[in-house]
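First the structure, in the form of structure tokens, and then the observations on it.
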Amino acid sequence: MSRKVRLQLHETLDATGRLDKSGVRSVQRAVAETLAENRGALPEVYAFATSVIRDAPNRDEVLAQVASATGTRLRVMSGEEEARLAYVAARHWAGERAGSLLVLDIGGGTVEVASGTSRQPRTAHSLPLGARTVTRTWKLDEAVSSKRRLAEVRDHLSDRLAAADLPHADPDGRVLACSKTFTQLARYTTAGRDRSRVPQRLTLDEVRAAVGVLAKNGSAGRGRLPGISRHRAGQSLAGAMVAEALMEACRATSVEISPWSTREGLLLERLGALRGKGSTRR
């Protein structure tokens, strides 16, 4: 079962990153409506918030207000925990026989990178370089005609990622990208060839080409490009530039698109825990 309410919380953030009253009310309403619709059908509810709320200076106030209004307290996980869960999901999706994995996830506020050869990652990183964050920092929601400015953004991203000492792609391993940013870029690059085909792979050269096209367009123009959703158009350039820098930093010339990420990793672990309890009782 899946239910989505599009909140656009990034539009309710003030200059300091605080969630305003309208943003808090929208979260309260979404939580309340979801619980009311599925009450009795769900044996367990694990409600969690990602970077927009996690990184907000008024996070504790937001969590308290949502809990008071809905009776449900949102949990907040660290960026490293999100990276770990994304890896767990990608590992399950790739199959038990998958060897070395490098998992890349670009969110709105942060970027997660995890790698390993077993069920749990050997390394897990989280950096505040998400598509929304980079868009707000560098004002990339509109067209960028200056090559110098694009170079400045690229240099900034490259320096930040280099300092993080991220893992490199294993020549004999697989690189999985499991975020809507990567999926959207893959849809854009395949839209002109076969719109019915679900994109499965994205190359670094394709990402670089996408950056050039997205930079020439503002939000409205990007939203008209094939494969680019209108509600993500504003931060699509930043997302492409982060994807480019991330693949370069990890020495990945291409990525496989995985439909599973943090949410699926959390569900898989919760299901595993429930099955474990059942085995113990038997």
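Identifiers in this document derive from the order of the structure tokens: chains are assigned A, B, ..., residues are numbered from 1 separately in each chain, and ligands are numbered from 1 in order of occurrence.
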_Please extract the residues of segment 75-253 of chain A with a backbone DSSP assignment of helix (DSSP H, G or I) and present them as a PyMOL selection string._
chain A and resi 79-94+131-138+147-163+180-191+204-215+219-223+230-249
*Near Gly223 of chain A, counting only C-alpha atoms, which residues have an atom at most 10 Å away, once you skip same-chain residues fewer than 6 positions from it, shown as a PyMOL selection string?*
chain A and resi 214+217+229-234+236
Hey, can you spit out that residue selection with all heavy atoms as a short mmCIF file (atom, residue, chain, number, x, y, z; two decimals), in the first residue's frame?
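Dumped to out-v3.cif:
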```
data_model
loop_
_atom_site.label_atom_id
_atom_site.label_comp_id
_atom_site.auth_asym_id
_atom_site.auth_seq_id
_atom_site.Cartn_x
_atom_site.Cartn_y
_atom_site.Cartn_z
N LEU A 214 19.83 21.92 -18.98
CA LEU A 214 19.07 22.45 -17.84
C LEU A 214 19.53 23.86 -17.48
O LEU A 214 18.71 24.70 -17.08
CB LEU A 214 19.23 21.52 -16.64
CG LEU A 214 18.56 20.14 -16.78
CD1 LEU A 214 19.03 19.21 -15.66
CD2 LEU A 214 17.05 20.26 -16.76
N ASN A 217 17.83 26.73 -19.30
CA ASN A 217 16.41 26.93 -19.06
C ASN A 217 16.13 27.34 -17.62
O ASN A 217 16.84 26.92 -16.70
CB ASN A 217 15.64 25.63 -19.36
CG ASN A 217 15.56 25.31 -20.83
OD1 ASN A 217 14.66 25.77 -21.51
ND2 ASN A 217 16.51 24.53 -21.32
N SER A 229 9.86 16.49 -14.15
CA SER A 229 8.57 16.82 -13.54
C SER A 229 8.53 18.29 -13.15
O SER A 229 9.54 18.85 -12.73
CB SER A 229 8.31 15.95 -12.32
OG SER A 229 9.29 16.15 -11.33
N ARG A 230 7.38 18.90 -13.27
CA ARG A 230 7.27 20.34 -13.03
C ARG A 230 7.59 20.71 -11.58
O ARG A 230 8.21 21.75 -11.33
CB ARG A 230 5.87 20.82 -13.40
CG ARG A 230 5.58 20.77 -14.89
CD ARG A 230 4.22 21.33 -15.21
NE ARG A 230 3.96 21.30 -16.65
CZ ARG A 230 2.84 21.73 -17.22
NH1 ARG A 230 1.87 22.23 -16.46
NH2 ARG A 230 2.68 21.66 -18.53
N HIS A 231 7.16 19.89 -10.63
CA HIS A 231 7.39 20.26 -9.24
C HIS A 231 8.84 20.09 -8.81
O HIS A 231 9.26 20.60 -7.78
CB HIS A 231 6.46 19.47 -8.31
CG HIS A 231 6.87 18.05 -8.09
ND1 HIS A 231 6.60 17.04 -8.97
CD2 HIS A 231 7.55 17.47 -7.05
CE1 HIS A 231 7.08 15.90 -8.51
NE2 HIS A 231 7.66 16.12 -7.36
N ARG A 232 9.65 19.39 -9.63
CA ARG A 232 11.08 19.24 -9.35
C ARG A 232 11.95 20.05 -10.31
O ARG A 232 13.17 20.01 -10.21
CB ARG A 232 11.49 17.76 -9.42
CG ARG A 232 10.93 16.92 -8.29
CD ARG A 232 11.38 15.47 -8.40
NE ARG A 232 10.90 14.71 -7.26
CZ ARG A 232 11.52 14.63 -6.09
NH1 ARG A 232 12.68 15.24 -5.93
NH2 ARG A 232 11.02 13.93 -5.09
N ALA A 233 11.32 20.76 -11.21
CA ALA A 233 12.08 21.46 -12.24
C ALA A 233 13.03 22.49 -11.66
O ALA A 233 14.17 22.65 -12.13
CB ALA A 233 11.11 22.13 -13.22
N GLY A 234 12.59 23.21 -10.63
CA GLY A 234 13.42 24.27 -10.07
C GLY A 234 14.75 23.79 -9.54
O GLY A 234 15.76 24.48 -9.66
N SER A 236 16.17 20.88 -10.51
CA SER A 236 16.71 19.84 -11.40
C SER A 236 18.13 20.14 -11.85
O SER A 236 18.94 19.21 -12.03
CB SER A 236 15.79 19.64 -12.60
OG SER A 236 15.66 20.83 -13.35
#
```
*Backbone-only DSSP, strand (DSSP E or B) members of segment 21-220 of chain A, as number ranges by chain*: A: 48-49, 75-76, 101-106, 111-116, 123-127, 174-177, 201-203
Can those selected residues be exported to a file as an mmCIF file, in the first residue's frame so that it contains N, CA and C atoms?
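File written: selection-v3.cif
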```cif
data_model
loop_
_atom_site.group_PDB
_atom_site.id
_atom_site.type_symbol
_atom_site.label_atom_id
_atom_site.label_comp_id
_atom_site.auth_asym_id
_atom_site.auth_seq_id
_atom_site.Cartn_x
_atom_site.Cartn_y
_atom_site.Cartn_z
ATOM 1 N N PHE A 48 8.588 8.756 10.242
ATOM 2 C CA PHE A 48 9.896 9.420 10.330
ATOM 3 C C PHE A 48 9.959 10.609 9.382
ATOM 4 N N ALA A 49 10.788 11.554 9.747
ATOM 5 C CA ALA A 49 10.978 12.768 8.961
ATOM 6 C C ALA A 49 12.389 12.791 8.386
ATOM 7 N N ARG A 75 9.820 10.403 14.087
ATOM 8 C CA ARG A 75 11.199 10.096 14.464
ATOM 9 C C ARG A 75 12.140 10.762 13.461
ATOM 10 N N VAL A 76 13.320 11.045 13.909
ATOM 11 C CA VAL A 76 14.316 11.684 13.055
ATOM 12 C C VAL A 76 15.558 10.801 13.029
ATOM 13 N N LEU A 101 28.986 -3.327 -3.761
ATOM 14 C CA LEU A 101 27.996 -2.322 -4.128
ATOM 15 C C LEU A 101 28.426 -0.937 -3.664
ATOM 16 N N LEU A 102 28.197 0.049 -4.518
ATOM 17 C CA LEU A 102 28.331 1.452 -4.156
ATOM 18 C C LEU A 102 26.965 2.072 -4.403
ATOM 19 N N VAL A 103 26.381 2.669 -3.375
ATOM 20 C CA VAL A 103 25.019 3.187 -3.456
ATOM 21 C C VAL A 103 25.038 4.708 -3.312
ATOM 22 N N LEU A 104 24.435 5.397 -4.277
ATOM 23 C CA LEU A 104 24.390 6.855 -4.305
ATOM 24 C C LEU A 104 22.940 7.322 -4.193
ATOM 25 N N ASP A 105 22.696 8.285 -3.326
ATOM 26 C CA ASP A 105 21.329 8.772 -3.095
ATOM 27 C C ASP A 105 21.365 10.287 -2.927
ATOM 28 N N ILE A 106 20.707 11.006 -3.821
ATOM 29 C CA ILE A 106 20.653 12.469 -3.742
ATOM 30 C C ILE A 106 19.270 12.882 -3.278
ATOM 31 N N VAL A 111 23.100 14.402 0.608
ATOM 32 C CA VAL A 111 23.544 13.345 -0.289
ATOM 33 C C VAL A 111 24.044 12.200 0.573
ATOM 34 N N GLU A 112 23.615 10.989 0.250
ATOM 35 C CA GLU A 112 24.069 9.813 0.991
ATOM 36 C C GLU A 112 24.859 8.878 0.081
ATOM 37 N N VAL A 113 25.941 8.344 0.619
ATOM 38 C CA VAL A 113 26.793 7.405 -0.118
ATOM 39 C C VAL A 113 27.141 6.259 0.821
ATOM 40 N N ALA A 114 26.958 5.037 0.356
ATOM 41 C CA ALA A 114 27.301 3.866 1.171
ATOM 42 C C ALA A 114 27.911 2.794 0.281
ATOM 43 N N SER A 115 28.775 1.989 0.851
ATOM 44 C CA SER A 115 29.425 0.936 0.070
ATOM 45 C C SER A 115 29.685 -0.277 0.948
ATOM 46 N N GLY A 116 29.830 -1.436 0.298
ATOM 47 C CA GLY A 116 30.121 -2.650 1.042
ATOM 48 C C GLY A 116 29.980 -3.878 0.176
ATOM 49 N N THR A 123 30.906 1.391 4.673
ATOM 50 C CA THR A 123 31.019 2.835 4.878
ATOM 51 C C THR A 123 29.669 3.492 4.611
ATOM 52 N N ALA A 124 29.377 4.571 5.317
ATOM 53 C CA ALA A 124 28.131 5.315 5.116
ATOM 54 C C ALA A 124 28.422 6.793 5.349
ATOM 55 N N HIS A 125 28.121 7.622 4.366
ATOM 56 C CA HIS A 125 28.403 9.056 4.434
ATOM 57 C C HIS A 125 27.138 9.847 4.149
ATOM 58 N N SER A 126 27.046 11.022 4.756
ATOM 59 C CA SER A 126 25.962 11.951 4.472
ATOM 60 C C SER A 126 26.530 13.360 4.442
ATOM 61 N N LEU A 127 26.209 14.103 3.376
ATOM 62 C CA LEU A 127 26.729 15.453 3.199
ATOM 63 C C LEU A 127 25.588 16.411 2.861
ATOM 64 N N ARG A 174 29.109 -3.089 -8.629
ATOM 65 C CA ARG A 174 27.978 -2.383 -9.234
ATOM 66 C C ARG A 174 27.755 -1.059 -8.510
ATOM 67 N N VAL A 175 27.308 -0.066 -9.247
ATOM 68 C CA VAL A 175 26.981 1.239 -8.676
ATOM 69 C C VAL A 175 25.481 1.454 -8.865
ATOM 70 N N LEU A 176 24.759 1.608 -7.756
ATOM 71 C CA LEU A 176 23.315 1.790 -7.803
ATOM 72 C C LEU A 176 22.957 3.202 -7.367
ATOM 73 N N ALA A 177 22.093 3.832 -8.133
ATOM 74 C CA ALA A 177 21.599 5.172 -7.797
ATOM 75 C C ALA A 177 20.122 5.037 -7.454
ATOM 76 N N ARG A 201 19.685 2.651 -16.660
ATOM 77 C CA ARG A 201 21.086 3.043 -16.496
ATOM 78 C C ARG A 201 21.269 4.501 -16.915
ATOM 79 N N LEU A 202 22.245 5.154 -16.297
ATOM 80 C CA LEU A 202 22.554 6.550 -16.597
ATOM 81 C C LEU A 202 24.067 6.697 -16.617
ATOM 82 N N THR A 203 24.590 7.317 -17.661
ATOM 83 C CA THR A 203 26.040 7.475 -17.766
ATOM 84 C C THR A 203 26.456 8.877 -17.346
#
```
*Pick out the residues sitting within 8 Å of Cys250 of chain A, and hand them over as an MDAnalysis selection string; count only C-alpha atoms, and ignore anything fewer than 6 positions along from it in its own chain.*
chainID A and resid 166:169
